[in-house]
Structure formats: structure tokens, C-alpha cells
Amino acid sequence: MKKIYSLLLILALALVLAACGSSGDSDSNTSNGDETNDSGSSEGEIPETLVMGFVPSQDSDTIADTIEPLAERLSEELGIEVQGNVMTNYNALVEAMGSNQVHIGFIPAFGYVLANEQYDVEVILKSIRYGSGTYKAQYLVREDSGIESLADLEGKIWAYGDQGSTSGYLFPANQLMKEFDYDTAAELESNFFGGTIQTGGHDNSAIAVLEGDADVATTFDDVRTELEKEYPSVMDDLKILDYTEEIPNDTISVTKELDDEFVQKIKDTFLSFNEDDEMIKIMNEVYNWDEIDEATDEEYQIVKDTYQKFKDNIEL
């Protein structure tokens with residue numbers, strides 16, 4: 001009988017110990033799970049090398065040289081290596097941010113809309129030029145062209161950077177579609193214009209008109225100031241035919257993978273450059289930025305609305 005009682009006592013003790021062990025394991029797993037979830041929800045990536053992406057508004061080699069001091073300064077302030085890459089076009093930058101190969105994008109409004117829609121890229125800052133957070137696109141023609149109105153562009157050759165450009169393509173195309181009753185950008189290009197040239201940059205578009213390879217260029221306002229050193233008479237040789245409606249300025253945007261606190265540090269660092277003449281000079285040389293300001297996604301709704309008209313009709 002005593003052996004039976006002893007056996008039962010040992011069995012009961014074993015069950016109690018097992019229950020305690022199970023309870024302890026459960027508590028431990030829950031705690032680790034909570035910590036992982038909390039970490040996952042609040043902590044993102046801080047890369048070993050922070051990559052900034054730029055799109056060419058001028059010669060790519062020129063931008064690459066100009067942004068080097070900016071990368072070095074950011075590296076000092078952020079405490080990690082910072083690298084600047086000049087992409088081939090807007091779409092290449094969007095895709096690079098989508099694959100997290102580029103972490104910070106100096107990206108125009110339309111590019112931001114694409115990146116936000118496709119990859120949850122977040123705008124944190126915007127440019128200020130001439131005291132404004134918006135700008136207009138312009139139509140440039142030769143002074144001696146005889147072109148006096150948008151209607152005169154019918155049958156002419158249109159030069160634009162690429163179809164991912166807000167001021168180079170999206171807003172001018174939208175304006176012309178409404179003005180001349182075209183449903184798609186493809187119809188506008190094939191039925192209104194006599195031909196189109198994708199130049200890869202705003203300055204190249206203006207040069208195409210200047211040298212007679214195109215009749216009209218759509219660019220940011222005013223790209224001619226970028227060309228005066230190489231083409232001293234450009235302000236006289238090219239005239240502004242018309243403007244589009246206001247466009248939100250270009251952005252500094254970040255990928256969704258970056259750590260929130262790190263993003264805030266990036267944001268604060270760029271804003272501090274407003275008090276640094278050397279850094280603002282670099283921003284001005286690259287993209288004509290006079291100042292850096294905070295930005296929100298809501299400011300780009302007009303671009304999102306415009307994009308819906310083009311979503312299925314342009315090649316990006």
C-alpha cells in the first residue's frame with residue numbers, strides 16, 4: 001500500500017512540476033512574442049550604408065559631383081555612411097526605393113505618388129523655391145518660331161524628359177488633353193503632335209528646341225537659367241509660351257523599412273541645413289532649392305487625382 005501511495009505521490013508531484021514548467025514556458029514565449037511584436041511595430045531598419053537617390057534634372061555627372069559634399073555631411077550628422085546615386089529616370093528611382101536599394105529619394109511629385117501607391121514610400125520634406133512650396137511647368141518655344149498659343153502646337157514636335165516627370169509631362173499633358181479634348185495621353189501624342197522626343201532631362205528638352213530638334217519643350221520654371229552659362233543668349237532665344245496650373249514641389253521621401261526615430265533624425269538634419277549656407281547652396285545647385293520644409297501626403301492629392309487619368313495610358 002505504501003508503495004502505491006509513494007507512486008501516486010511521485011506521479012502527482014511530476015504532474016505539478018510539468019504544469020509549472022508548462023506555465024513558465026508559456027509565460028516566457030508570450031513575453032518574447034510581445035517583445036518581438038513591439039520591436040517589429042516600432043523599430044525598422046537602420047542600414048549600414050544609407051543610399052540617397054536623385055533623378056537627372058541636368059547632366060548626371062554634374063549632379064553626382066555636386067551631391068558628394070551633401071552625402072559626406074549627412075554621414076557626419078547621422079553617424080553612418082551615406083551614398084548618393086543618380087538614377088537614369090524617375091521610374092528607376094521609384095523601383096529602387098520599392099526594393100529598398102535606395103532609402104531616401106529626392107523625388108518629384110509624380111514620382112512620389114507612384115512610390116507611395118506602389119511601395120508605401122513616405123514624404124517627409126519638400127523644397128521651397130522663391131518662397132513657395134508649389135511651382136508651374138512651362139512651355140518653351142523658340143522666339144522666332146511663330147508659335148503664339150497652345151493651339152499652334154498642333155502638328156509640332158514635343159520634347160519632354162520622360163513620362164514619369166510631373167512638370168515635364170504629367171501636368172502639361174493633362175492640360176492639353178483638357179484643352180483639345182483628348183481622352184488619353186497616347187491620343188494626344190499621336191493625333192495632336194507631329195512627333196515626340198523623350199530627352200531624359202529638362203535641360204535636354206530645352207536644348208532640343210534651341211537646336212531645332214523639337215518645336216516645344218515642357219520643363220520646370222525656369223529651366224533656361226540652368227543653361228545660360230553654356231548658351232548665353234538662351235533667355236532671348238527661347239520664350240515661355242504658357243504655364244500649367246500649380247504643382248506641389250518635389251520631395252525628400254523615405255522607404256517604409258526605415259526606423260521611425262532614424263527617419264526623424266534624417267528629417268531634423270535636413271531641416272537644420274536651412275541654417276547652413278553651404279548645404280543650401282548644394283541643394284540649390286542640384287535642384288534650385290532655396291529652403292527645405294516639412295511636407296505631408298495630403299499636399300500631393302492634386303497629383304494623385306491627375307495621375308488617375310494617366311494610370312493606364314502612359315508607359316512608366
# chains A, B, ... in the order shown; residues from 1 in each chain; ligands from 1

call {"tool": "closest_atom_pairs", "arguments": {"of": "range 159-237 of chain A", "to": "range 136-147 of chain A", "cutoff": "7 Å", "atoms": "only C-alpha atoms", "output": "Markdown table"}}
result
| residue | atom | partner | partner_atom | distance |
| --- | --- | --- | --- | --- |
| A:Ser167 | CA | A:Ala137 | CA | 4.8 |
| A:Gly168 | CA | A:Ala137 | CA | 7.0 |
| A:Ala206 | CA | A:Leu140 | CA | 7.0 |
| A:Val209 | CA | A:Val141 | CA | 6.5 |
| A:Leu210 | CA | A:Arg142 | CA | 6.6 |
| A:Asp215 | CA | A:Val141 | CA | 6.0 |
| A:Val216 | CA | A:Val141 | CA | 4.8 |
| A:Ala217 | CA | A:Leu140 | CA | 5.1 |
| A:Thr218 | CA | A:Tyr139 | CA | 4.7 |
| A:Thr219 | CA | A:Gln138 | CA | 5.5 |
| A:Phe220 | CA | A:Ala137 | CA | 4.6 |
| A:Asp221 | CA | A:Ala137 | CA | 5.7 |
| A:Asp237 | CA | A:Glu143 | CA | 5.4 |

call {"tool": "closest_atom_pairs", "arguments": {"of": "range 225-254 of chain A", "to": "range 115-125 of chain A", "cutoff": "6 Å", "atoms": "only C-alpha atoms", "output": "Markdown table"}}
result
| residue | atom | partner | partner_atom | distance |
| --- | --- | --- | --- | --- |
| A:Thr251 | CA | A:Leu125 | CA | 5.6 |
| A:Ile252 | CA | A:Leu125 | CA | 5.0 |
| A:Ser253 | CA | A:Val123 | CA | 4.1 |
| A:Val254 | CA | A:Glu122 | CA | 5.4 |

call {"tool": "write_last_selection", "arguments": {"atoms": "N, CA and C atoms", "output": "mmCIF file, in the first residue's frame"}}
result
data_model
loop_
_atom_site.group_PDB
_atom_site.id
_atom_site.type_symbol
_atom_site.label_atom_id
_atom_site.label_comp_id
_atom_site.auth_asym_id
_atom_site.auth_seq_id
_atom_site.Cartn_x
_atom_site.Cartn_y
_atom_site.Cartn_z
ATOM 1 N N THR A 251 10.036 66.386 -53.513
ATOM 2 C CA THR A 251 10.064 65.887 -52.143
ATOM 3 C C THR A 251 11.406 65.268 -51.760
ATOM 4 N N ILE A 252 11.574 65.130 -50.467
ATOM 5 C CA ILE A 252 12.509 64.156 -49.908
ATOM 6 C C ILE A 252 11.622 63.104 -49.259
ATOM 7 N N SER A 253 11.685 61.886 -49.763
ATOM 8 C CA SER A 253 10.819 60.807 -49.295
ATOM 9 C C SER A 253 11.666 59.627 -48.839
ATOM 10 N N VAL A 254 11.085 58.796 -47.978
ATOM 11 C CA VAL A 254 11.844 57.677 -47.406
ATOM 12 C C VAL A 254 11.067 56.376 -47.566
#

call {"tool": "select_by_dssp", "arguments": {"residues": "range 139-286 of chain A", "states": "strand (DSSP E)", "output": "VMD selection string"}}
result
chain A and resid 139 to 142 157 to 160 195 to 198 216 to 220 238 to 243 247 to 248 251 to 254

call {"tool": "write_last_selection", "arguments": {"atoms": "C-alpha atoms", "output": "CSV table (one decimal), in the first residue's frame"}}
result
chain,number,residue,atom,x,y,z
A,139,TYR,CA,6.1,75.5,-72.4
A,140,LEU,CA,9.2,76.7,-74.2
A,141,VAL,CA,9.4,77.6,-77.9
A,142,ARG,CA,11.9,79.5,-80.0
A,157,ILE,CA,7.4,68.1,-82.3
A,158,TRP,CA,7.1,67.9,-78.5
A,159,ALA,CA,10.2,67.4,-76.3
A,160,TYR,CA,9.9,66.2,-72.7
A,195,GLY,CA,6.0,63.7,-83.0
A,196,THR,CA,7.6,63.5,-79.6
A,197,ILE,CA,11.1,63.2,-78.2
A,198,GLN,CA,11.9,61.8,-74.7
A,216,VAL,CA,8.2,72.9,-77.9
A,217,ALA,CA,9.7,71.7,-74.6
A,218,THR,CA,7.8,71.3,-71.4
A,219,THR,CA,10.0,71.8,-68.3
A,220,PHE,CA,10.0,73.2,-64.8
A,238,LEU,CA,13.6,80.7,-76.1
A,239,LYS,CA,10.4,82.2,-74.9
A,240,ILE,CA,7.7,80.9,-72.4
A,241,LEU,CA,4.6,80.2,-74.4
A,242,ASP,CA,2.3,79.3,-71.4
A,243,TYR,CA,2.2,77.7,-68.0
A,247,ILE,CA,2.2,71.8,-58.9
A,248,PRO,CA,3.4,70.7,-55.4
A,251,THR,CA,10.1,65.9,-52.1
A,252,ILE,CA,12.5,64.2,-49.9
A,253,SER,CA,10.8,60.8,-49.3
A,254,VAL,CA,11.8,57.7,-47.4

call {"tool": "select_by_dssp", "arguments": {"residues": "range 120-310 of chain A", "states": "helix (DSSP H, G or I)", "output": "compact mmCIF listing (two decimals) with C-alpha atoms, in the first residue's frame"}}
result
# COMPACT_ATOMS: atom_id res chain seq x y z
CA LEU A 150 -1.10 76.27 -77.35
CA ALA A 151 -3.28 75.68 -80.41
CA ASP A 152 -0.26 76.47 -82.59
CA LEU A 153 1.46 73.39 -81.19
CA THR A 166 5.47 65.85 -63.16
CA SER A 167 6.28 69.15 -64.85
CA GLY A 168 7.91 67.69 -67.95
CA TYR A 169 4.96 65.51 -68.89
CA LEU A 170 2.09 64.81 -66.49
CA PHE A 171 0.70 68.30 -65.93
CA PRO A 172 1.31 69.64 -69.46
CA ALA A 173 -0.27 66.52 -70.99
CA ASN A 174 -3.25 66.83 -68.66
CA GLN A 175 -3.72 70.48 -69.60
CA LEU A 176 -3.50 69.79 -73.33
CA MET A 177 -5.88 66.81 -73.10
CA LYS A 178 -8.50 69.04 -71.47
CA GLU A 179 -7.82 71.94 -73.82
CA PHE A 180 -8.12 69.91 -77.02
CA ALA A 185 -2.10 60.85 -73.45
CA ALA A 186 -1.42 58.38 -76.26
CA GLU A 187 -4.10 60.04 -78.40
CA LEU A 188 -2.65 63.45 -77.62
CA GLU A 189 0.82 62.38 -78.71
CA SER A 190 -0.23 60.61 -81.88
CA ASN A 191 -3.12 62.83 -83.04
CA PHE A 192 -2.24 66.33 -81.84
CA HIS A 202 14.52 69.21 -68.57
CA ASP A 203 17.70 70.88 -69.79
CA ASN A 204 17.95 68.43 -72.70
CA SER A 205 14.37 69.23 -73.69
CA ALA A 206 15.10 72.96 -73.81
CA ILE A 207 18.29 72.34 -75.79
CA ALA A 208 16.32 70.22 -78.28
CA VAL A 209 14.14 73.24 -79.03
CA LEU A 210 17.09 75.61 -79.01
CA VAL A 223 15.00 75.80 -66.82
CA ARG A 224 16.60 78.48 -69.01
CA THR A 225 18.56 79.79 -66.04
CA GLU A 226 20.35 76.42 -65.91
CA VAL A 234 19.03 81.34 -74.20
CA MET A 235 16.76 83.80 -72.38
CA ASP A 236 16.29 85.65 -75.66
CA ASP A 237 16.30 82.66 -78.00
CA ASP A 260 10.89 55.83 -37.30
CA GLU A 261 13.33 57.50 -34.93
CA PHE A 262 16.03 57.34 -37.58
CA VAL A 263 13.66 58.96 -40.10
CA GLN A 264 13.03 61.77 -37.62
CA LYS A 265 16.78 62.26 -37.29
CA ILE A 266 17.09 62.43 -41.07
CA LYS A 267 14.28 64.97 -41.17
CA ASP A 268 15.79 67.12 -38.42
CA THR A 269 19.19 67.01 -40.10
CA PHE A 270 17.86 68.24 -43.43
CA LEU A 271 15.84 70.98 -41.73
CA SER A 272 18.98 72.13 -39.93
CA PHE A 273 20.54 72.76 -43.34
CA ASN A 274 18.28 75.80 -43.65
CA GLU A 275 20.78 77.50 -41.33
CA ASP A 277 24.62 78.30 -46.36
CA GLU A 278 26.96 75.65 -47.77
CA MET A 279 24.31 72.92 -47.70
CA ILE A 280 21.57 75.13 -49.11
CA LYS A 281 23.94 76.15 -51.88
CA ILE A 282 24.35 72.47 -52.78
CA MET A 283 20.58 71.93 -52.75
CA ASN A 284 20.22 74.97 -54.99
CA GLU A 285 22.87 73.78 -57.42
CA VAL A 286 21.24 70.37 -57.75
CA TYR A 287 17.52 71.25 -57.88
CA ASP A 297 0.97 63.25 -48.11
CA GLU A 298 -2.23 65.34 -48.29
CA GLU A 299 -0.39 68.11 -50.16
CA TYR A 300 0.07 65.77 -53.14
CA GLN A 301 -3.59 64.86 -53.61
CA ILE A 302 -3.87 67.05 -56.72
CA VAL A 303 -1.10 65.00 -58.31
CA LYS A 304 -2.79 61.75 -57.27
CA ASP A 305 -6.05 62.93 -58.85
CA THR A 306 -4.29 63.91 -62.08
CA TYR A 307 -2.40 60.62 -62.18
CA GLN A 308 -5.65 58.65 -62.22
CA LYS A 309 -6.28 59.96 -65.74
CA PHE A 310 -2.94 58.59 -66.92

call {"tool": "residues_around", "arguments": {"residues": "Asp250 in chain A", "least_positions_apart": "6", "cutoff": "8 Å", "atoms": "only C-alpha atoms", "output": "PyMOL selection string"}}
result
chain A and resi 106-109+126-127

call {"tool": "atom_distance", "arguments": {"atom1": "CA of Ile80 in chain A", "atom2": "CA of Leu258 in chain A"}}
result
13.7 Å

call {"tool": "residues_around", "arguments": {"residues": "Thr49 in chain A", "least_positions_apart": "6", "cutoff": "9 Å", "atoms": "only C-alpha atoms", "output": "PyMOL selection string"}}
result
chain A and resi 80-83

call {"tool": "atom_distance", "arguments": {"atom1": "CA of Ser233 in chain A", "atom2": "CA of Glu211 in chain A"}}
result
12.5 Å

call {"tool": "residues_around", "arguments": {"residues": "range 84-93 of chain A", "least_positions_apart": "6", "cutoff": "9 Å", "atoms": "only C-alpha atoms", "output": "JSON, numbers by chain"}}
result
{"A": [50, 51, 52, 53, 54, 55, 56, 60, 61, 63, 64, 67, 68, 70, 71, 102, 105, 106, 107, 108, 110, 111, 114, 115, 161, 162, 163, 164, 165, 200, 201, 316]}

call {"tool": "closest_residue", "arguments": {"among": "A:His103, A:Gly194, A:Gly79, A:Asp276", "to": "Asp259 in chain A", "atoms": "only C-alpha atoms"}}
result
A:His103

call {"tool": "atom_distance", "arguments": {"atom1": "CA of Tyr231 in chain A", "atom2": "CA of Asn249 in chain A"}}
result
26.5 Å

call {"tool": "decode", "arguments": {"residues": "range 232-270 of chain A", "atoms": "C-alpha atoms", "output": "compact mmCIF listing (two decimals), in the first residue's frame"}}
result
# COMPACT_ATOMS: atom_id res chain seq x y z
CA PRO A 232 24.39 82.85 -73.07
CA SER A 233 21.52 84.01 -75.30
CA VAL A 234 19.03 81.34 -74.20
CA MET A 235 16.76 83.80 -72.38
CA ASP A 236 16.29 85.65 -75.66
CA ASP A 237 16.30 82.66 -78.00
CA LEU A 238 13.62 80.73 -76.09
CA LYS A 239 10.36 82.21 -74.88
CA ILE A 240 7.74 80.93 -72.44
CA LEU A 241 4.56 80.21 -74.37
CA ASP A 242 2.35 79.29 -71.40
CA TYR A 243 2.22 77.72 -67.95
CA THR A 244 0.33 74.87 -66.31
CA GLU A 245 -1.56 75.06 -63.03
CA GLU A 246 0.33 74.96 -59.73
CA ILE A 247 2.24 71.77 -58.91
CA PRO A 248 3.45 70.74 -55.43
CA ASN A 249 7.21 70.98 -55.17
CA ASP A 250 9.50 67.96 -55.24
CA THR A 251 10.06 65.89 -52.14
CA ILE A 252 12.51 64.16 -49.91
CA SER A 253 10.82 60.81 -49.30
CA VAL A 254 11.84 57.68 -47.41
CA THR A 255 11.17 53.96 -47.66
CA LYS A 256 8.79 52.24 -45.27
CA GLU A 257 11.54 49.95 -43.93
CA LEU A 258 13.47 52.73 -42.17
CA ASP A 259 13.29 53.05 -38.40
CA ASP A 260 10.89 55.83 -37.30
CA GLU A 261 13.33 57.50 -34.93
CA PHE A 262 16.03 57.34 -37.58
CA VAL A 263 13.66 58.96 -40.10
CA GLN A 264 13.03 61.77 -37.62
CA LYS A 265 16.78 62.26 -37.29
CA ILE A 266 17.09 62.43 -41.07
CA LYS A 267 14.28 64.97 -41.17
CA ASP A 268 15.79 67.12 -38.42
CA THR A 269 19.19 67.01 -40.10
CA PHE A 270 17.86 68.24 -43.43
